[in-house]
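Structure first, then comments.
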Amino acid sequence: MKIAALAGGVGGAKLIHGLAKLLPPEELSVIVNTGDDFEYLGLNISPDLDTVCYTLADLANPVTGWGRKDESWTIYQEIAALDGPNWFHLGDKDLATHIFRTYKLNQGLTLSEITAEFCRCWGVNHPVFPMSDQSVRTVVHTAGGEALGFQEYFVHQACEPVVEHFEFVGIEDARPLPQAISAIKACDVVIISPSNPWVSIDPILKIPGYVEAIREKPVIAVSPLIGGKALKGPAAKMYEELGVKPSAAAVAKHYQDILTGFVIDNQDRQELEKIERWRIIALVTNILMKNNQDRFRLAEEVLRFCETILNRSR
Ligand code: GDP
Ligand code: CA
């Protein structure tokens with residue numbers, strides 16, 4: 001069964017990791033949000049791409065989910081000692097990625113070419129695509145009237161400002177990565193990982209061309225919310241601030257126009273009826289991924305659910 005999966009960072013990468021253990025590279029392509037990308041200390045940083053690639057390469061820090069395992073912080077500490085900025089944590093190994101990515105971008109290579117090269121070097125065999133080779137930048141407009149770059153909001157200000165709306169700068173001129181569109185066209189099912197719907201998945205879906213391709217396929221999403229709460233990050237807080245009660249059902253509603261099936265947690269069983277009323281087929285299971293075993297088990301269940309949905313539509 002061929003899968004095209006959409007992902008943000010830490011939440012998305014966990015399910016992708018599970019899927020990659022079960023599917024050969026010809027059957028799983030990953031399309032990753034780059035709306036969080038930014039420039040820091042003159043370096044081009046792609047946090048979600050790196051999280052997905054490090055996770056697939058078994059290089060990720062298992063505690064944080066982002067950054068590298070067995071990391072050292074010499075350069076970070078030395079920059080701080082020079083009164084340099086230190087709100088964004090960059091370990092030495094991670095820095096090598098950003099330095100070399102920036103160097104190659106300056107040489108004229110595209111982000112997708114560089115990602116493919118890095119994946120080859122890291123032994124990641126599944127295709128990982130940035131959503132676009134053009135820059136899209138998520139800007140958080142706050143209730144206080146500020147316009148914050150995503151990392152400024154997310155890391156520097158620790159998601160404290162109240163969100164008023166999001167803007168994806170450059171999105172009208174961005175084009176979907178052609179290989180990503182081909183992967184969607186060739187797939188049996190599109191899977192939306194349990195990533196933040198507002199800032200990890202929406203930037204992908206809002207690039208003109210993706211929804212049109214995705215609509216042609218069955219689409220399954222896994223809820224990033226359990227019991228109305230996010231496991232990490234501001235997803236639930238964002239729903240609240242935007243006037244929507246955070247819940248698995250709210251996520252299903254978010255994706256309603258494209259969704260065939262939705263996977264929710266046992267804790268949220270009471271939301272099943274509501275979701276099914278929107279003609280979305282639901283699977284209720286344990287969607288918390290605390291360790292690798294959880295990732296593989298959930299990925300297995302999600303793939304079985306995909307098969308069931310494909311059989312229904314045959
Ligand atoms: P980020 O870019 O690193 O913030 O990562 P994502 O957008 O990919 O993931 C953030 C989302 O992942 C949050 O809304 C979390 O609730 C969700 N998440 C994290 N861990 C898990 C998990 O184990 N299971 C599920 N279902 N969602 C998770
Ligand atoms: Ca992210």
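Scheme for the structure tokens: letters A, B, ... for chains in order shown; per-chain residue numbers from 1; ligand numbers from 1 in order shown.
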Residues near Leu310 of chain A, anyone? I mean within 9 Å using only C-alpha atoms, not counting same-chain ones fewer than 4 positions away, as an MDAnalysis selection string. chainID A and resid 188:189 218 305:306 314
Go ahead and write the selection's residues with C-alpha atoms as a compact mmCIF listing (two decimals), in the first residue's frame.
```txt
# COMPACT_ATOMS: atom_id res chain seq x y z
CA ASP A 188 -3.38 4.85 -2.17
CA VAL A 189 -3.93 6.88 0.99
CA PRO A 218 -8.72 8.82 0.78
CA PHE A 305 -7.38 1.25 9.13
CA CYS A 306 -6.23 2.49 5.69
CA ARG A 314 -13.81 -0.71 -3.63
```
Near segment 199-215 of chain A, within 6 Å and counting only C-alpha atoms, which residues show up once chain neighbours fewer than 5 positions away are dropped, as a list in words?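 Selected residues are Gly8, Asn33, Ile171 and Ile258 of chain A.
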Restrict the selected residues to all heavy atoms and save them as a compact mmCIF listing (two decimals), in the first residue's frame.
```
# COMPACT_ATOMS: atom_id res chain seq x y z
N GLY A 8 4.64 17.67 10.45
CA GLY A 8 5.36 18.81 11.00
C GLY A 8 6.62 18.28 11.65
O GLY A 8 7.39 17.56 11.01
N ASN A 33 6.41 20.22 6.55
CA ASN A 33 6.22 21.66 6.71
C ASN A 33 7.56 22.42 6.74
O ASN A 33 8.48 22.01 7.45
CB ASN A 33 5.49 21.90 8.04
CG ASN A 33 5.41 23.36 8.42
OD1 ASN A 33 5.11 24.22 7.59
ND2 ASN A 33 5.70 23.66 9.69
N ILE A 171 3.04 32.36 0.58
CA ILE A 171 2.31 31.14 0.19
C ILE A 171 1.67 31.24 -1.20
O ILE A 171 1.60 30.25 -1.93
CB ILE A 171 1.27 30.75 1.27
CG1 ILE A 171 0.91 29.28 1.14
CG2 ILE A 171 0.02 31.61 1.23
CD1 ILE A 171 0.94 28.52 2.42
N ILE A 258 -11.52 17.39 3.62
CA ILE A 258 -10.68 16.42 2.91
C ILE A 258 -10.64 15.06 3.60
O ILE A 258 -10.07 14.11 3.06
CB ILE A 258 -9.22 16.94 2.75
CG1 ILE A 258 -8.63 17.39 4.09
CG2 ILE A 258 -9.13 18.05 1.72
CD1 ILE A 258 -7.13 17.65 4.02
```
Can you work out the spacing between atom CA of Thr260 of chain A and atom CA of Pro194 of chain A in Å, to one decimal?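 Pair atom CA of Thr260 of chain A / atom CA of Pro194 of chain A returns 15.5 Å.
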Give me, as a PyMOL selection string, the set of residues whose atoms come within 10 Å of any atom of ligand 2, counting only C-alpha atoms and all ligand atoms. chain A and resi 7-12+32-37+46-51+66+150-151+154+195-196+199-201+233
Export of prior selection with N, CA, C and O atoms as a compact mmCIF listing (two decimals), in the first residue's frame:
```txt
# COMPACT_ATOMS: atom_id res chain seq x y z
N ALA A 7 3.64 15.91 7.44
CA ALA A 7 4.15 15.98 8.81
C ALA A 7 4.72 17.34 9.15
O ALA A 7 5.22 18.07 8.28
N GLY A 8 4.64 17.67 10.45
CA GLY A 8 5.36 18.81 11.00
C GLY A 8 6.62 18.28 11.65
O GLY A 8 7.39 17.56 11.01
N GLY A 9 6.80 18.59 12.93
CA GLY A 9 8.02 18.18 13.61
C GLY A 9 7.83 16.99 14.52
O GLY A 9 7.53 15.88 14.05
N VAL A 10 7.94 17.22 15.81
CA VAL A 10 8.08 16.13 16.78
C VAL A 10 6.89 15.15 16.78
O VAL A 10 7.09 13.93 16.76
N GLY A 11 5.66 15.65 16.81
CA GLY A 11 4.49 14.76 16.83
C GLY A 11 4.40 13.96 15.54
O GLY A 11 4.20 12.74 15.55
N GLY A 12 4.57 14.65 14.42
CA GLY A 12 4.49 14.00 13.12
C GLY A 12 5.58 12.96 12.94
O GLY A 12 5.31 11.84 12.48
N VAL A 32 6.98 17.53 4.27
CA VAL A 32 7.22 18.18 5.57
C VAL A 32 7.02 19.70 5.50
O VAL A 32 7.45 20.36 4.53
N ASN A 33 6.41 20.22 6.55
CA ASN A 33 6.22 21.66 6.71
C ASN A 33 7.56 22.42 6.74
O ASN A 33 8.48 22.01 7.45
N THR A 34 7.63 23.51 6.00
CA THR A 34 8.82 24.37 6.10
C THR A 34 8.43 25.79 6.51
O THR A 34 9.25 26.71 6.43
N GLY A 35 7.16 25.95 6.96
CA GLY A 35 6.72 27.27 7.41
C GLY A 35 7.45 27.75 8.65
O GLY A 35 7.46 28.95 8.95
N ASP A 36 8.06 26.80 9.39
CA ASP A 36 8.81 27.17 10.61
C ASP A 36 10.25 27.56 10.31
O ASP A 36 10.99 27.92 11.23
N ASP A 37 10.67 27.43 9.06
CA ASP A 37 12.07 27.71 8.72
C ASP A 37 12.40 29.17 9.01
O ASP A 37 11.54 30.04 8.90
N SER A 46 15.81 24.59 9.21
CA SER A 46 14.54 23.96 8.82
C SER A 46 14.15 22.96 9.92
O SER A 46 14.40 21.76 9.80
N PRO A 47 13.56 23.44 11.01
CA PRO A 47 13.38 22.59 12.19
C PRO A 47 12.56 21.32 11.93
O PRO A 47 12.94 20.25 12.41
N ASP A 48 11.49 21.43 11.18
CA ASP A 48 10.64 20.25 11.01
C ASP A 48 11.29 19.20 10.09
O ASP A 48 11.24 18.00 10.36
N LEU A 49 11.91 19.70 9.03
CA LEU A 49 12.63 18.78 8.13
C LEU A 49 13.70 18.01 8.90
O LEU A 49 13.84 16.79 8.76
N ASP A 50 14.45 18.75 9.74
CA ASP A 50 15.53 18.11 10.48
C ASP A 50 14.98 17.11 11.49
O ASP A 50 15.53 16.01 11.66
N THR A 51 13.89 17.47 12.16
CA THR A 51 13.30 16.54 13.13
C THR A 51 12.88 15.25 12.45
O THR A 51 13.17 14.15 12.94
N TRP A 66 13.42 16.75 19.33
CA TRP A 66 14.13 17.57 18.34
C TRP A 66 15.61 17.56 18.66
O TRP A 66 16.00 17.19 19.78
N PHE A 150 7.57 32.70 13.40
CA PHE A 150 7.12 31.54 14.16
C PHE A 150 8.06 31.15 15.29
O PHE A 150 7.62 30.90 16.42
N GLN A 151 9.35 31.09 15.04
CA GLN A 151 10.28 30.67 16.10
C GLN A 151 10.37 31.70 17.22
O GLN A 151 10.60 31.35 18.37
N PHE A 154 7.31 30.77 19.12
CA PHE A 154 7.31 29.39 19.63
C PHE A 154 8.41 29.17 20.66
O PHE A 154 8.18 28.59 21.72
N SER A 195 0.28 16.17 13.91
CA SER A 195 1.05 17.41 14.02
C SER A 195 0.08 18.55 14.30
O SER A 195 -1.14 18.37 14.18
N ASN A 196 0.61 19.70 14.63
CA ASN A 196 -0.22 20.86 14.92
C ASN A 196 -0.99 21.28 13.66
O ASN A 196 -0.38 21.65 12.65
N VAL A 199 -0.24 25.21 12.52
CA VAL A 199 1.07 25.72 12.08
C VAL A 199 1.98 24.65 11.48
O VAL A 199 3.06 24.99 10.99
N SER A 200 1.57 23.38 11.53
CA SER A 200 2.41 22.36 10.88
C SER A 200 1.74 21.81 9.61
O SER A 200 2.43 21.55 8.63
N ILE A 201 0.43 21.62 9.64
CA ILE A 201 -0.25 21.01 8.49
C ILE A 201 -0.89 22.08 7.58
O ILE A 201 -0.78 21.99 6.35
N GLY A 233 3.49 21.41 23.02
CA GLY A 233 3.26 22.58 22.18
C GLY A 233 1.89 23.20 22.33
O GLY A 233 1.07 22.78 23.14
```
Please give the complete set of residues from segment 47-242 of chain A that DSSP, run on the backbone, assigns to helix (DSSP H, G or I), formatted as a VMD selection string. chain A and resid 47 to 56 74 to 81 92 to 106 111 to 122 150 to 156 178 to 186 197 to 205 210 to 214 235 to 241
Need to verify the contact set: Val251 of chain A, 9 Å, only C-alpha atoms, exclusion of same-chain residues closer than 3 positions in sequence. Can you return it as an MDAnalysis selection string? chainID A and resid 197 223:225 246:248 254:256
May I have the residues from that selection written out with N, CA, C and O atoms, as a PDB file, in the first residue's frame?
```pdb
ATOM      1  N   PRO A 197      -2.340  21.226  13.686  1.00  0.00           N
ATOM      2  CA  PRO A 197      -3.104  21.542  12.468  1.00  0.00           C
ATOM      3  C   PRO A 197      -2.889  22.977  11.985  1.00  0.00           C
ATOM      4  O   PRO A 197      -2.825  23.215  10.780  1.00  0.00           O
ATOM      5  N   SER A 223      -5.302  12.236  15.392  1.00  0.00           N
ATOM      6  CA  SER A 223      -5.479  13.424  16.232  1.00  0.00           C
ATOM      7  C   SER A 223      -4.212  13.758  17.023  1.00  0.00           C
ATOM      8  O   SER A 223      -3.623  12.880  17.647  1.00  0.00           O
ATOM      9  N   PRO A 224      -3.821  15.034  17.033  1.00  0.00           N
ATOM     10  CA  PRO A 224      -2.715  15.440  17.902  1.00  0.00           C
ATOM     11  C   PRO A 224      -3.208  15.795  19.304  1.00  0.00           C
ATOM     12  O   PRO A 224      -2.394  16.080  20.186  1.00  0.00           O
ATOM     13  N   LEU A 225      -4.531  15.803  19.493  1.00  0.00           N
ATOM     14  CA  LEU A 225      -5.082  16.150  20.804  1.00  0.00           C
ATOM     15  C   LEU A 225      -5.672  14.908  21.466  1.00  0.00           C
ATOM     16  O   LEU A 225      -6.330  14.099  20.823  1.00  0.00           O
ATOM     17  N   PRO A 246     -10.850  23.113  22.294  1.00  0.00           N
ATOM     18  CA  PRO A 246      -9.933  22.094  21.774  1.00  0.00           C
ATOM     19  C   PRO A 246     -10.436  20.681  22.051  1.00  0.00           C
ATOM     20  O   PRO A 246     -10.802  20.363  23.182  1.00  0.00           O
ATOM     21  N   SER A 247     -10.456  19.857  21.023  1.00  0.00           N
ATOM     22  CA  SER A 247     -10.883  18.459  21.178  1.00  0.00           C
ATOM     23  C   SER A 247     -10.479  17.720  19.908  1.00  0.00           C
ATOM     24  O   SER A 247     -10.164  18.353  18.893  1.00  0.00           O
ATOM     25  N   ALA A 248     -10.530  16.395  19.993  1.00  0.00           N
ATOM     26  CA  ALA A 248     -10.252  15.603  18.782  1.00  0.00           C
ATOM     27  C   ALA A 248     -11.272  15.972  17.701  1.00  0.00           C
ATOM     28  O   ALA A 248     -10.918  16.134  16.526  1.00  0.00           O
ATOM     29  N   HIS A 254     -11.612  20.655  11.555  1.00  0.00           N
ATOM     30  CA  HIS A 254     -10.565  21.435  10.880  1.00  0.00           C
ATOM     31  C   HIS A 254     -10.259  20.851   9.488  1.00  0.00           C
ATOM     32  O   HIS A 254     -10.073  21.571   8.521  1.00  0.00           O
ATOM     33  N   TYR A 255     -10.208  19.514   9.443  1.00  0.00           N
ATOM     34  CA  TYR A 255      -9.842  18.824   8.187  1.00  0.00           C
ATOM     35  C   TYR A 255     -11.064  18.278   7.440  1.00  0.00           C
ATOM     36  O   TYR A 255     -10.916  17.522   6.476  1.00  0.00           O
ATOM     37  N   GLN A 256     -12.252  18.636   7.908  1.00  0.00           N
ATOM     38  CA  GLN A 256     -13.491  17.993   7.443  1.00  0.00           C
ATOM     39  C   GLN A 256     -13.595  17.868   5.910  1.00  0.00           C
ATOM     40  O   GLN A 256     -14.004  16.831   5.391  1.00  0.00           O
TER      41      GLN A 256
END
```
One decimal, Å: what's the distance from atom CA of Asn266 of chain A over to atom CA of Glu240 of chain A, could you say? 22.4 Å
Give me the segment 145-181 of chain A side of the contact with segment 88-93 of chain A, cut-off 10 Å, one line per residue showing its nearest atom pair and distance in Å at one decimal, counting only C-alpha atoms, sorted by chain and residue number, as a tab-separated table.
```
residue	atom	partner	partner_atom	distance
A:Gln151	CA	A:Phe88	CA	8.3
A:Glu152	CA	A:Phe88	CA	9.1
A:Val155	CA	A:Phe88	CA	6.7
A:His156	CA	A:Phe88	CA	7.1
```
Include all heavy atoms and write out the residues we just selected as a compact mmCIF listing (two decimals), in the first residue's frame.
```txt
# COMPACT_ATOMS: atom_id res chain seq x y z
N GLN A 151 9.35 31.09 15.04
CA GLN A 151 10.28 30.67 16.10
C GLN A 151 10.37 31.70 17.22
O GLN A 151 10.60 31.35 18.37
CB GLN A 151 11.67 30.35 15.55
CG GLN A 151 11.70 29.25 14.51
CD GLN A 151 11.17 27.91 15.01
OE1 GLN A 151 11.12 27.65 16.21
NE2 GLN A 151 10.75 27.06 14.10
N GLU A 152 10.20 32.98 16.86
CA GLU A 152 10.18 34.04 17.87
C GLU A 152 9.00 33.77 18.83
O GLU A 152 9.15 33.82 20.05
CB GLU A 152 10.02 35.40 17.16
CG GLU A 152 9.78 36.59 18.07
CD GLU A 152 10.92 36.92 19.03
OE1 GLU A 152 12.08 36.61 18.69
OE2 GLU A 152 10.62 37.46 20.12
N VAL A 155 9.61 29.62 20.34
CA VAL A 155 10.76 29.33 21.22
C VAL A 155 11.08 30.54 22.11
O VAL A 155 11.09 30.43 23.33
CB VAL A 155 11.99 28.92 20.38
CG1 VAL A 155 13.18 28.61 21.29
CG2 VAL A 155 11.67 27.70 19.52
N HIS A 156 11.31 31.70 21.48
CA HIS A 156 11.78 32.85 22.25
C HIS A 156 10.72 33.31 23.24
O HIS A 156 11.00 33.59 24.40
CB HIS A 156 12.15 33.99 21.29
CG HIS A 156 13.09 34.99 21.89
ND1 HIS A 156 13.51 36.10 21.21
CD2 HIS A 156 13.68 35.06 23.11
CE1 HIS A 156 14.33 36.80 21.97
NE2 HIS A 156 14.45 36.19 23.12
```
Which is closest to Ala236 of chain A among A:Cys159, A:Arg175, A:Ala186, A:Val222, if we use only C-alpha atoms?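 Among the listed residues, A:Cys159 lies closest to Ala236 of chain A.
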